[in-house]
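> Data: upload_27.txt, compact mmCIF, C-alpha atoms and all ligand atoms.
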# COMPACT_ATOMS: atom_id res chain seq x y z
CA MET A 1308 33.79 -39.29 -40.46
CA ARG A 1309 36.65 -41.08 -42.22
CA LEU A 1310 36.76 -43.77 -39.54
CA THR A 1311 33.41 -43.83 -37.81
CA PRO A 1312 29.86 -43.06 -38.99
CA GLY A 1313 28.94 -39.47 -38.23
CA GLY A 1314 32.28 -39.06 -36.49
CA VAL A 1315 30.81 -40.28 -33.19
CA HIS A 1316 30.53 -43.57 -31.31
CA SER A 1317 27.12 -42.90 -29.75
CA ASN A 1318 24.22 -41.37 -31.67
CA VAL A 1319 23.46 -39.18 -28.66
CA ARG A 1320 26.63 -37.28 -29.60
CA LEU A 1321 25.37 -36.40 -33.08
CA ALA A 1322 23.45 -33.48 -31.53
CA GLY A 1323 24.64 -30.71 -29.23
CA ALA A 1324 28.23 -29.85 -28.35
CA ARG A 1325 30.94 -31.17 -30.70
CA ASP A 1326 34.67 -30.62 -30.46
CA PHE A 1327 37.85 -32.68 -30.06
CA ILE A 1328 38.69 -32.78 -26.38
CA GLN A 1329 42.30 -33.19 -25.32
CA ARG A 1330 41.85 -33.41 -21.57
CA ALA A 1331 39.44 -32.66 -18.76
CA GLN A 1332 39.89 -31.70 -15.13
CA GLY A 1333 37.30 -30.83 -12.51
CA ALA A 1334 34.48 -28.93 -14.18
CA TRP A 1335 36.53 -28.03 -17.26
CA LEU A 1336 37.16 -29.50 -20.70
CA TYR A 1337 40.10 -28.44 -22.88
CA SER A 1338 39.99 -28.91 -26.64
CA VAL A 1339 42.88 -29.78 -28.93
CA ASP A 1340 42.64 -26.21 -30.30
CA GLY A 1341 43.07 -24.60 -26.89
CA GLN A 1342 39.41 -23.74 -26.25
CA ASP A 1343 38.26 -24.27 -22.66
CA TYR A 1344 34.71 -25.15 -21.71
CA VAL A 1345 32.84 -25.03 -18.41
CA ASP A 1346 31.24 -28.46 -18.54
CA TYR A 1347 27.55 -28.83 -17.70
CA LEU A 1348 27.14 -31.99 -19.77
CA LEU A 1349 29.52 -34.07 -17.66
CA GLY A 1350 29.72 -36.88 -20.19
CA GLN A 1351 25.88 -37.06 -20.11
CA GLY A 1352 25.96 -37.22 -16.31
CA PRO A 1353 28.64 -39.63 -15.03
CA ASN A 1354 31.25 -37.03 -13.98
CA PHE A 1355 29.35 -36.10 -10.84
CA LEU A 1356 32.63 -35.80 -8.90
CA GLY A 1357 34.14 -33.71 -11.70
CA HIS A 1358 36.53 -34.94 -14.38
CA ALA A 1359 39.46 -37.14 -13.41
CA PRO A 1360 38.79 -37.21 -9.65
CA GLY A 1361 42.28 -38.03 -8.34
CA HIS A 1362 41.40 -40.56 -5.67
CA VAL A 1363 39.08 -42.52 -8.01
CA ILE A 1364 41.65 -42.64 -10.80
CA ASP A 1365 44.36 -43.68 -8.31
CA ALA A 1366 42.13 -46.37 -6.79
CA VAL A 1367 41.36 -47.83 -10.23
CA PHE A 1368 45.00 -47.69 -11.29
CA ARG A 1369 46.20 -49.37 -8.07
CA ALA A 1370 43.56 -52.09 -8.22
CA CYS A 1371 44.11 -52.90 -11.89
CA LYS A 1372 47.81 -53.55 -11.35
CA ASP A 1373 46.77 -56.88 -9.84
CA GLY A 1374 44.48 -57.87 -12.71
CA VAL A 1375 41.42 -56.51 -14.44
CA ILE A 1376 38.91 -59.31 -14.85
CA PHE A 1377 39.02 -62.69 -13.16
CA GLY A 1378 35.86 -64.58 -14.11
CA GLY A 1379 35.76 -65.12 -10.36
CA GLN A 1380 34.83 -63.18 -7.27
CA HIS A 1381 36.93 -60.51 -5.58
CA GLU A 1382 36.93 -58.34 -2.50
CA LEU A 1383 36.22 -55.05 -4.26
CA GLU A 1384 32.90 -56.34 -5.61
CA VAL A 1385 31.82 -57.20 -2.07
CA ARG A 1386 32.84 -53.77 -0.77
CA ALA A 1387 31.12 -52.04 -3.73
CA GLY A 1388 27.91 -53.96 -3.05
CA GLU A 1389 28.01 -53.06 0.64
CA LEU A 1390 28.54 -49.37 -0.07
CA VAL A 1391 25.81 -49.16 -2.71
CA LEU A 1392 23.27 -50.89 -0.48
CA GLU A 1393 24.31 -48.70 2.47
CA ALA A 1394 23.86 -45.58 0.36
CA LEU A 1395 20.47 -46.63 -1.00
CA GLY A 1396 19.13 -47.75 2.34
CA TRP A 1397 16.08 -49.64 0.98
CA ALA A 1398 17.42 -52.39 -1.30
CA ASP A 1399 18.52 -55.87 -0.18
CA LEU A 1400 20.58 -57.11 -3.12
CA VAL A 1401 22.47 -55.60 -6.05
CA ARG A 1402 23.81 -56.81 -9.41
CA PHE A 1403 26.36 -54.74 -11.34
CA SER A 1404 26.54 -54.37 -15.10
CA MET A 1405 28.32 -52.05 -17.53
CA THR A 1406 25.52 -49.79 -18.76
CA GLY A 1407 22.16 -48.45 -17.71
CA THR A 1408 20.65 -50.08 -20.79
CA GLU A 1409 21.67 -53.51 -19.52
CA ALA A 1410 20.45 -52.86 -15.97
CA VAL A 1411 17.04 -51.89 -17.36
CA GLN A 1412 16.88 -55.09 -19.44
CA ALA A 1413 17.68 -57.19 -16.38
CA ALA A 1414 14.95 -55.41 -14.40
CA LEU A 1415 12.31 -55.97 -17.10
CA ARG A 1416 13.23 -59.63 -17.52
CA LEU A 1417 13.11 -60.19 -13.77
CA ALA A 1418 9.72 -58.48 -13.49
CA ARG A 1419 8.30 -60.69 -16.27
CA ALA A 1420 9.79 -63.79 -14.68
CA VAL A 1421 8.37 -63.19 -11.21
CA THR A 1422 4.91 -62.15 -12.39
CA GLY A 1423 4.56 -64.51 -15.35
CA ARG A 1424 3.11 -61.55 -17.27
CA THR A 1425 4.32 -59.84 -20.44
CA LYS A 1426 3.15 -56.21 -20.62
CA VAL A 1427 5.17 -53.25 -19.39
CA VAL A 1428 3.69 -49.82 -18.69
CA ARG A 1429 6.10 -46.98 -19.43
CA PHE A 1430 5.79 -43.29 -20.07
CA GLU A 1431 6.06 -40.67 -22.80
CA GLY A 1432 9.44 -38.93 -22.82
CA HIS A 1433 11.18 -41.37 -20.46
CA TYR A 1434 14.42 -42.90 -21.77
CA HIS A 1435 15.43 -46.41 -20.74
CA GLY A 1436 18.29 -47.15 -23.12
CA TRP A 1437 18.74 -47.77 -26.83
CA LEU A 1438 17.56 -51.37 -27.31
CA ASP A 1439 14.61 -52.46 -29.46
CA ASN A 1440 12.11 -53.06 -26.65
CA VAL A 1441 12.57 -49.68 -24.96
CA LEU A 1442 13.65 -47.08 -27.54
CA ILE A 1443 10.67 -44.96 -28.54
CA SER A 1444 9.97 -41.62 -30.12
CA GLU A 1445 6.89 -39.60 -30.95
CA ARG A 1446 5.70 -38.62 -34.40
CA ASP A 1447 2.45 -36.70 -34.86
CA GLY A 1448 1.25 -37.69 -31.40
CA ARG A 1449 1.93 -41.42 -31.89
CA TRP A 1450 4.70 -43.31 -30.12
CA GLY A 1451 6.67 -46.04 -31.84
CA PRO A 1452 10.17 -47.21 -32.77
CA ALA A 1453 12.69 -44.38 -32.77
CA SER A 1454 15.12 -45.94 -35.22
CA ARG A 1455 15.06 -47.42 -38.68
CA GLY A 1456 15.70 -51.14 -38.36
CA GLN A 1457 13.95 -51.35 -35.00
CA LEU A 1458 11.17 -53.96 -35.08
CA ALA A 1459 7.82 -52.49 -34.06
CA SER A 1460 6.91 -55.96 -32.76
CA HIS A 1461 9.44 -55.49 -29.94
CA LEU A 1462 7.22 -52.73 -28.59
CA GLU A 1463 3.97 -54.72 -28.78
CA ASP A 1464 4.07 -55.42 -25.05
CA SER A 1465 4.66 -51.79 -24.13
CA ILE A 1466 1.77 -49.66 -22.95
CA ILE A 1467 2.95 -46.07 -23.34
CA LEU A 1468 1.11 -43.52 -21.18
CA PRO A 1469 1.42 -39.84 -20.31
CA TRP A 1470 3.40 -39.48 -17.08
CA ASN A 1471 2.25 -37.68 -13.93
CA ASP A 1472 -1.36 -38.74 -14.58
CA ALA A 1473 -2.40 -41.24 -11.92
CA GLU A 1474 -6.00 -41.44 -13.15
CA ARG A 1475 -4.95 -42.53 -16.60
CA LEU A 1476 -2.71 -45.22 -15.10
CA ALA A 1477 -5.49 -46.39 -12.80
CA ASP A 1478 -7.88 -46.69 -15.78
CA VAL A 1479 -5.45 -48.74 -17.82
CA LEU A 1480 -4.60 -51.03 -14.92
CA GLU A 1481 -8.28 -51.50 -14.17
CA ARG A 1482 -8.66 -53.00 -17.64
CA ALA A 1483 -5.27 -54.63 -18.26
CA GLY A 1484 -3.59 -54.84 -14.83
CA GLU A 1485 -3.54 -58.65 -14.85
CA GLN A 1486 -1.28 -58.67 -17.90
CA VAL A 1487 1.15 -56.04 -16.62
CA ALA A 1488 4.49 -57.28 -15.26
CA ALA A 1489 6.08 -53.91 -14.56
CA VAL A 1490 5.58 -50.19 -14.42
CA ILE A 1491 8.89 -48.52 -15.24
CA MET A 1492 9.61 -44.80 -15.02
CA GLU A 1493 12.19 -42.19 -14.28
CA PRO A 1494 10.78 -41.08 -10.90
CA ILE A 1495 11.81 -37.56 -11.89
CA MET A 1496 11.71 -37.20 -15.68
CA ILE A 1497 15.20 -35.83 -16.21
CA ASN A 1498 15.61 -36.97 -19.83
CA ALA A 1499 12.78 -34.76 -21.03
CA GLY A 1500 12.53 -31.43 -19.24
CA VAL A 1501 13.69 -32.38 -15.71
CA ILE A 1502 10.08 -32.59 -14.54
CA GLU A 1503 9.29 -33.54 -10.95
CA PRO A 1504 6.45 -35.89 -10.04
CA ARG A 1505 3.26 -34.16 -8.89
CA ALA A 1506 2.64 -34.34 -5.14
CA GLY A 1507 1.15 -37.75 -4.39
CA TYR A 1508 1.74 -39.20 -7.87
CA LEU A 1509 4.49 -41.67 -6.97
CA GLU A 1510 2.53 -42.77 -3.89
CA GLU A 1511 -0.49 -43.49 -6.08
CA VAL A 1512 1.63 -45.41 -8.60
CA ARG A 1513 3.04 -47.45 -5.72
CA ARG A 1514 -0.46 -48.18 -4.43
CA LEU A 1515 -1.73 -49.20 -7.86
CA CYS A 1516 1.23 -51.52 -8.43
CA ASP A 1517 0.57 -53.20 -5.09
CA GLU A 1518 -3.13 -53.53 -5.84
CA HIS A 1519 -2.47 -55.21 -9.20
CA GLY A 1520 0.59 -57.27 -8.22
CA ILE A 1521 2.88 -55.30 -10.55
CA VAL A 1522 6.63 -54.78 -10.08
CA LEU A 1523 7.45 -51.07 -9.76
CA ILE A 1524 10.81 -50.18 -11.34
CA PHE A 1525 12.40 -46.78 -10.83
CA ASP A 1526 14.96 -46.02 -13.51
CA GLU A 1527 17.41 -43.91 -11.52
CA VAL A 1528 20.26 -44.14 -14.01
CA ILE A 1529 20.53 -40.34 -13.91
CA ALA A 1530 18.88 -39.46 -10.58
CA GLY A 1531 20.64 -42.10 -8.48
CA PHE A 1532 23.57 -40.80 -6.40
CA ARG A 1533 23.08 -37.37 -8.06
CA LEU A 1534 20.00 -36.05 -6.22
CA GLY A 1535 21.37 -37.37 -2.95
CA LEU A 1536 22.81 -40.67 -1.73
CA GLY A 1537 19.41 -42.34 -1.92
CA GLY A 1538 18.50 -40.68 -5.24
CA ALA A 1539 14.89 -40.00 -6.16
CA THR A 1540 13.65 -42.85 -3.95
CA GLU A 1541 14.93 -41.00 -0.90
CA ARG A 1542 13.88 -37.55 -2.16
CA TYR A 1543 10.27 -38.49 -2.79
CA GLY A 1544 9.95 -41.12 -0.06
CA VAL A 1545 8.45 -43.81 -2.29
CA THR A 1546 10.19 -47.18 -2.53
CA PRO A 1547 10.18 -49.23 -5.74
CA ASP A 1548 10.59 -53.00 -5.96
CA LEU A 1549 13.57 -52.69 -8.28
CA ALA A 1550 15.69 -49.72 -9.33
CA THR A 1551 18.42 -49.17 -11.88
CA TYR A 1552 21.47 -46.97 -11.32
CA GLY A 1553 24.46 -45.84 -13.37
CA LYS A 1554 26.23 -42.63 -14.30
CA ALA A 1555 27.02 -40.90 -10.96
CA ILE A 1556 27.77 -44.25 -9.27
CA ALA A 1557 31.38 -44.55 -10.48
CA GLY A 1558 33.13 -41.21 -11.05
CA GLY A 1559 32.93 -41.49 -14.84
CA PHE A 1560 33.74 -45.18 -15.24
CA PRO A 1561 31.26 -47.46 -17.04
CA VAL A 1562 29.19 -49.08 -14.30
CA ALA A 1563 25.49 -49.61 -13.72
CA ALA A 1564 23.55 -51.49 -11.10
CA LEU A 1565 20.20 -53.13 -10.53
CA ALA A 1566 19.12 -53.13 -6.90
CA GLY A 1567 16.00 -54.43 -5.28
CA ARG A 1568 14.06 -56.61 -2.91
CA ALA A 1569 15.67 -59.90 -1.93
CA ASP A 1570 12.72 -62.09 -2.91
CA LEU A 1571 12.85 -60.73 -6.47
CA MET A 1572 16.60 -60.37 -6.96
CA ALA A 1573 17.27 -63.88 -5.59
CA ARG A 1574 15.90 -65.33 -8.85
CA PHE A 1575 19.13 -64.35 -10.57
CA GLY A 1576 21.05 -66.36 -7.99
CA THR A 1577 19.08 -69.56 -8.52
CA GLY A 1578 19.75 -69.34 -12.24
CA GLU A 1579 16.01 -69.12 -13.03
CA VAL A 1580 16.51 -65.67 -14.52
CA ASN A 1581 19.56 -64.89 -16.60
CA HIS A 1582 21.61 -61.77 -16.11
CA SER A 1583 25.12 -61.98 -17.54
CA GLY A 1584 28.01 -59.93 -18.88
CA THR A 1585 31.68 -60.73 -19.38
CA PHE A 1586 32.76 -57.37 -17.98
CA ASN A 1587 30.26 -57.07 -15.10
CA ALA A 1588 31.90 -56.12 -11.79
CA SER A 1589 35.39 -55.86 -13.27
CA VAL A 1590 38.18 -54.71 -10.97
CA MET A 1591 38.17 -51.31 -12.70
CA ALA A 1592 34.42 -50.91 -12.24
CA MET A 1593 34.34 -52.00 -8.63
CA ALA A 1594 37.36 -49.92 -7.60
CA ALA A 1595 35.62 -46.93 -9.18
CA VAL A 1596 32.37 -47.61 -7.31
CA VAL A 1597 34.15 -48.12 -3.97
CA ALA A 1598 36.11 -44.87 -4.34
CA SER A 1599 33.17 -42.84 -5.69
CA VAL A 1600 30.34 -44.04 -3.47
CA GLY A 1601 32.78 -44.04 -0.53
CA THR A 1602 33.37 -40.33 -1.14
CA LEU A 1603 29.66 -39.63 -1.53
CA ILE A 1604 29.07 -41.27 1.86
CA ASP A 1605 32.09 -39.84 3.73
CA GLU A 1606 32.18 -36.33 2.24
CA PRO A 1607 28.75 -35.75 0.72
CA PRO A 1608 29.02 -33.00 -1.91
CA TYR A 1609 25.26 -32.51 -2.16
CA ASP A 1610 25.08 -29.15 -0.33
CA ARG A 1611 27.87 -27.77 -2.51
CA VAL A 1612 26.19 -29.00 -5.68
CA ALA A 1613 22.88 -27.49 -4.55
CA GLU A 1614 24.53 -24.16 -3.78
CA HIS A 1615 26.16 -23.93 -7.20
CA GLY A 1616 23.07 -25.15 -9.07
CA THR A 1617 20.75 -22.77 -7.23
CA ALA A 1618 22.98 -19.76 -7.90
CA LEU A 1619 23.45 -20.77 -11.53
CA MET A 1620 19.74 -21.23 -12.14
CA ALA A 1621 19.01 -17.83 -10.55
CA GLY A 1622 21.80 -16.17 -12.54
CA LEU A 1623 20.56 -17.58 -15.85
CA ARG A 1624 17.01 -16.44 -15.08
CA GLU A 1625 18.26 -12.92 -14.31
CA ILE A 1626 20.15 -12.76 -17.60
CA GLY A 1627 16.98 -13.74 -19.47
CA LEU A 1628 14.83 -11.25 -17.54
CA ALA A 1629 17.26 -8.40 -18.16
CA ARG A 1630 16.78 -8.95 -21.89
CA ASN A 1631 13.06 -9.49 -21.65
CA LEU A 1632 13.47 -13.00 -23.04
CA PRO A 1633 11.24 -15.87 -21.93
CA LEU A 1634 14.23 -17.93 -20.75
CA ARG A 1635 12.86 -20.77 -18.66
CA VAL A 1636 15.09 -22.50 -16.08
CA SER A 1637 13.43 -25.29 -14.12
CA GLY A 1638 14.18 -28.48 -12.25
CA LEU A 1639 16.62 -29.19 -9.43
CA PRO A 1640 20.03 -27.64 -8.78
CA ALA A 1641 21.84 -30.92 -9.53
CA ALA A 1642 20.04 -31.30 -12.89
CA PHE A 1643 17.95 -28.59 -14.46
CA HIS A 1644 16.40 -27.69 -17.79
CA VAL A 1645 16.85 -24.52 -19.85
CA SER A 1646 14.52 -23.55 -22.69
CA PHE A 1647 12.46 -20.71 -24.06
CA GLY A 1648 8.76 -20.41 -23.27
CA ASP A 1649 6.38 -19.85 -20.43
CA VAL A 1650 3.91 -22.66 -19.78
CA GLU A 1651 3.33 -24.99 -16.88
CA VAL A 1652 5.20 -28.20 -17.67
CA THR A 1653 4.10 -31.44 -16.02
CA ASP A 1654 4.74 -34.05 -18.70
CA TYR A 1655 6.16 -34.67 -22.16
CA ARG A 1656 3.16 -33.11 -23.94
CA SER A 1657 3.28 -29.82 -22.05
CA LEU A 1658 7.06 -29.77 -22.51
CA GLN A 1659 6.49 -29.70 -26.28
CA GLN A 1660 4.68 -26.36 -25.89
CA LEU A 1661 8.00 -24.74 -25.00
CA ASP A 1662 10.17 -23.43 -27.82
CA LEU A 1663 12.66 -26.28 -27.58
CA ALA A 1664 13.87 -25.73 -31.15
CA ARG A 1665 14.83 -22.13 -30.31
CA TYR A 1666 17.01 -23.29 -27.43
CA GLU A 1667 18.57 -25.98 -29.63
CA ARG A 1668 19.53 -23.29 -32.13
CA PHE A 1669 21.14 -21.35 -29.27
CA VAL A 1670 23.29 -24.29 -28.10
CA PRO A 1671 26.04 -23.96 -30.77
CA VAL A 1672 26.43 -20.31 -29.71
CA LEU A 1673 26.84 -21.39 -26.09
CA VAL A 1674 29.45 -23.94 -27.13
CA GLU A 1675 31.27 -21.31 -29.19
CA HIS A 1676 31.40 -19.16 -26.03
CA GLY A 1677 32.88 -21.96 -23.92
CA LEU A 1678 29.88 -23.63 -22.32
CA TRP A 1679 29.65 -27.38 -22.88
CA VAL A 1680 25.94 -28.19 -22.75
CA ALA A 1681 23.43 -30.69 -24.15
CA GLY A 1682 21.20 -29.82 -27.09
CA ARG A 1683 18.06 -30.96 -25.29
CA GLY A 1684 18.42 -28.37 -22.53
CA VAL A 1685 19.50 -30.47 -19.53
CA TRP A 1686 22.36 -29.00 -17.46
CA TYR A 1687 24.21 -31.22 -14.96
CA VAL A 1688 26.12 -29.79 -12.00
CA SER A 1689 29.08 -31.62 -10.41
CA ALA A 1690 30.88 -31.51 -7.08
CA ALA A 1691 33.74 -29.73 -8.89
CA HIS A 1692 31.68 -26.66 -9.88
CA GLY A 1693 32.49 -23.74 -7.60
CA PRO A 1694 32.44 -19.91 -7.57
CA LYS A 1695 35.03 -19.62 -10.35
CA GLU A 1696 32.90 -21.79 -12.65
CA LEU A 1697 29.77 -19.87 -11.66
CA ASP A 1698 31.34 -16.56 -12.68
CA ALA A 1699 32.68 -17.99 -15.91
CA ALA A 1700 29.39 -19.69 -16.78
CA LEU A 1701 27.24 -16.62 -16.22
CA THR A 1702 29.65 -14.30 -18.06
CA ARG A 1703 29.85 -16.68 -21.01
CA PHE A 1704 26.10 -17.25 -21.11
CA GLU A 1705 25.42 -13.51 -21.07
CA LYS A 1706 27.89 -12.86 -23.90
CA ALA A 1707 26.47 -15.71 -25.96
CA LEU A 1708 22.89 -14.48 -25.50
CA THR A 1709 23.85 -10.90 -26.33
CA GLN A 1710 25.57 -11.98 -29.53
CA TRP A 1711 22.72 -14.32 -30.47
CA VAL A 1712 19.87 -11.84 -30.05
CA SER A 1713 21.70 -8.89 -31.63
N1 LIG B 1801 17.93 -45.00 -18.18
C1 LIG B 1801 18.02 -43.67 -18.09
C2 LIG B 1801 17.05 -42.92 -17.23
C3 LIG B 1801 19.02 -42.98 -18.79
O1 LIG B 1801 19.09 -41.65 -18.72
C4 LIG B 1801 19.94 -43.73 -19.57
C5 LIG B 1801 21.00 -43.04 -20.32
O2 LIG B 1801 21.03 -41.85 -20.48
C6 LIG B 1801 19.80 -45.12 -19.63
C7 LIG B 1801 18.79 -45.72 -18.91
C8 LIG B 1801 20.75 -45.94 -20.45
O3 LIG B 1801 22.00 -45.92 -19.86
P1 LIG B 1801 23.32 -46.21 -20.74
O4 LIG B 1801 23.48 -45.09 -21.68
O5 LIG B 1801 24.43 -46.31 -19.70
O6 LIG B 1801 23.10 -47.52 -21.43
Translate this file's structure into structure tokens.

Amino acid sequence: MRLTPGGVHSNVRLAGARDFIQRAQGAWLYSVDGQDYVDYLLGQGPNFLGHAPGHVIDAVFRACKDGVIFGGQHELEVRAGELVLEALGWADLVRFSMTGTEAVQAALRLARAVTGRTKVVRFEGHYHGWLDNVLISERDGRWGPASRGQLASHLEDSIILPWNDAERLADVLERAGEQVAAVIMEPIMINAGVIEPRAGYLEEVRRLCDEHGIVLIFDEVIAGFRLGLGGATERYGVTPDLATYGKAIAGGFPVAALAGRADLMARFGTGEVNHSGTFNASVMAMAAVVASVGTLIDEPPYDRVAEHGTALMAGLREIGLARNLPLRVSGLPAAFHVSFGDVEVTDYRSLQQLDLARYERFVPVLVEHGLWVAGRGVWYVSAAHGPKELDAALTRFEKALTQWVS
């Protein structure tokens, strides 16, 4: 507080778990006061390989000894590009940046440039970064700027719709499709509730985008490399025109990527469309991508992650049932959502019918008992979570719940 507003450097950290961390290893965090935490926040997702994965740290350290940023090209950026495109399987070209926010901005600009249109369709509850033209929140059923100081005019070209409702999208595009440059979404809505797309929804969105000449952007900043090598695109079998990646791509280091079809992405290369960044594709970033994505390809941890996540979800449900509490655990083993309530959740609006505030009140108790989790109910599982962490997590959760309800 003395040095930085709110004592944090990202407003996301104002809510949920707070403590001074001294070090982290694998699936564990250790505070300066000697408290240990089983970590299911994973730095908001990036530590998919666990904290301080030795070979990634070593690779970055080795590479950086020969320089950090050149303002020129280098071999690691070529290797990183090859590996990312190999992992994704569908995209032709990739551009790296530092953050998911920037990758999203590049995608939106490119979509507007290639279509010559201005409007963007996006969805309630989906997060695409903190900048003026994408940051939204809901108040009394109306969506608008989420922050003081954010110009409402920056959102004038956004059409904000309920997600998972293909009819509603079709209606809007019927009327306004000719003005719409892009439809952007999290193909699985992890940021709010970890909600999967309804069967056939993504296919219908794809068809509608094709019919109206609209660029389909999947924001896979969380899902990419976490749900599997090919992320949500592979899981649901629907291919976007552009997709953004980040978080799990680089073992905790700050890297994001925009990948997509050659005919679209090539516009960056001709200089027609600007995408820049002093620190893009730094040696540190590219060494981290090569080591991390290389591991995901050579020794895929996805079965292990699924095993841990499945057992953890089942264990949490059992603990809730044993106490007759409506503890709701839903989503996928690699990223799931915990809350209180019992309704069918298919979008942001139905999510609000859960008792999200009750879970948020429970989070400080979980943290006190050594579970490092997000206030909004999303739990991330890493490749470093194993049986020991499962035991510890379930024991700690049970104790926390017992203390909280008594
Ligand atoms: N898109 C999605 C789906 C995200 O979850 C996030 C961050 O949580 C972003 C974009 C923004 O990424 P960053 O925080 O790296 O700017």
> Need to verify the contact set: Thr1551 of chain A, 9 Å, all atoms listed in the file, exclusion of same-chain residues closer than 2 positions in sequence. Can you return it as a ChimeraX atom specification?
/A:1407,1410-1411,1414,1524-1528,1531,1549,1553,1563-1567
> Quick one: everything within 10 Å of Ser1637 of chain A, counting all atoms listed in the file, minus sequence neighbours fewer than 4 positions away in the same chain. Send it as an mmCIF file with C-alpha atoms, in the frame of the given file.

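Contents of the output file result39.cif:
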data_model
loop_
_atom_site.group_PDB
_atom_site.id
_atom_site.type_symbol
_atom_site.label_atom_id
_atom_site.label_comp_id
_atom_site.auth_asym_id
_atom_site.auth_seq_id
_atom_site.Cartn_x
_atom_site.Cartn_y
_atom_site.Cartn_z
ATOM 1 C CA GLY A 1500 12.530 -31.430 -19.240
ATOM 2 C CA VAL A 1501 13.690 -32.380 -15.710
ATOM 3 C CA ILE A 1502 10.080 -32.590 -14.540
ATOM 4 C CA GLU A 1503 9.290 -33.540 -10.950
ATOM 5 C CA MET A 1620 19.740 -21.230 -12.140
ATOM 6 C CA ALA A 1621 19.010 -17.830 -10.550
ATOM 7 C CA ARG A 1624 17.010 -16.440 -15.080
ATOM 8 C CA ALA A 1642 20.040 -31.300 -12.890
ATOM 9 C CA PHE A 1643 17.950 -28.590 -14.460
ATOM 10 C CA HIS A 1644 16.400 -27.690 -17.790
ATOM 11 C CA VAL A 1645 16.850 -24.520 -19.850
ATOM 12 C CA SER A 1646 14.520 -23.550 -22.690
ATOM 13 C CA VAL A 1652 5.200 -28.200 -17.670
ATOM 14 C CA VAL A 1685 19.500 -30.470 -19.530
#
> Which of these, A:Val1401, A:Ala1473, A:Ala1613, A:Leu1390, has the shortest distance to Ala1413 of chain A once you count all atoms listed in the file?
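Result for the nearest residue to Ala1413 of chain A: A:Val1401.
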> Could the residues of chain A that have an atom at most 9 Å from ligand LIG 1801 (chain B) be listed as a tab-separated table, each with its closest atom pair and the distance in Å to one decimal, counting all atoms listed in the file and ordered by chain and ascending residue number?

residue	atom	partner	partner_atom	distance
A:Val1319	CA	B:LIG1801	O2	8.9
A:Gln1351	CA	B:LIG1801	O2	6.8
A:Gly1352	CA	B:LIG1801	O2	7.9
A:Met1405	CA	B:LIG1801	O5	7.3
A:Thr1406	CA	B:LIG1801	O5	3.8
A:Gly1407	CA	B:LIG1801	O3	3.3
A:Thr1408	CA	B:LIG1801	O6	3.6
A:Glu1409	CA	B:LIG1801	O6	6.4
A:Ala1410	CA	B:LIG1801	C7	7.9
A:Val1411	CA	B:LIG1801	C7	6.6
A:His1433	CA	B:LIG1801	C2	6.9
A:Tyr1434	CA	B:LIG1801	C1	5.2
A:His1435	CA	B:LIG1801	N1	3.8
A:Gly1436	CA	B:LIG1801	C8	3.8
A:Trp1437	CA	B:LIG1801	C8	6.9
A:Leu1438	CA	B:LIG1801	O6	8.9
A:Met1492	CA	B:LIG1801	C2	8.0
A:Glu1493	CA	B:LIG1801	C2	5.7
A:Met1496	CA	B:LIG1801	C2	8.0
A:Ile1497	CA	B:LIG1801	C2	7.4
A:Asn1498	CA	B:LIG1801	O1	5.9
A:Phe1525	CA	B:LIG1801	C2	8.8
A:Asp1526	CA	B:LIG1801	C2	5.3
A:Glu1527	CA	B:LIG1801	C2	5.8
A:Val1528	CA	B:LIG1801	C1	4.7
A:Ile1529	CA	B:LIG1801	O1	5.2
A:Ala1530	CA	B:LIG1801	C2	7.7
A:Thr1551	CA	B:LIG1801	N1	7.6
A:Tyr1552	CA	B:LIG1801	N1	8.0
A:Gly1553	CA	B:LIG1801	O5	6.3
A:Lys1554	CA	B:LIG1801	O5	6.8
A:Pro1561	CA	B:LIG1801	O5	7.4
A:Val1562	CA	B:LIG1801	O5	7.7
A:Ala1563	CA	B:LIG1801	O5	6.9
> Which one of A:Ser1689, A:Gln1380, A:Gln1332, A:Gln1457 sits closest to Arg1533 of chain A if you count only C-alpha atoms?
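The shortest atom-to-atom distance to Arg1533 of chain A comes from A:Ser1689.
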> Name all residues at most 10 Å from Ile1467 of chain A (count all atoms listed in the file; drop same-chain ones fewer than 4 positions away) and give them as a ChimeraX atom specification.
/A:1427-1433,1443,1449-1451,1462
> Mind checking which residues fall within 12 Å of Glu1705 of chain A, counting all atoms listed in the file, ignoring those fewer than 6 positions away in the same chain, and posting them as a ChimeraX atom specification?
/A:1622-1630,1672-1673,1676-1678,1698-1699,1711-1712
> Choose the residue, out of A:Pro1469, A:Gly1538, A:Thr1546, A:Lys1706, that has the smallest atom-to-atom separation from Leu1658 of chain A; count only C-alpha atoms.
A:Pro1469
> Calculated over all atoms listed in the file, which of the candidates A:Ala1588, A:Ala1322, A:Ala1394, A:Val1487 has the smallest distance to Glu1541 of chain A?
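That would be A:Ala1394, the residue with the smallest distance to Glu1541 of chain A.
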> Skipping near chain neighbours, those fewer than 3 positions away, what residues fall within 12 Å of segment 1417-1425 of chain A using all atoms listed in the file, listed as a PyMOL selection string?
chain A and resi 1410-1414+1428+1461-1466+1483-1491+1516+1519-1524+1548-1550+1565-1568+1570-1576+1578-1582
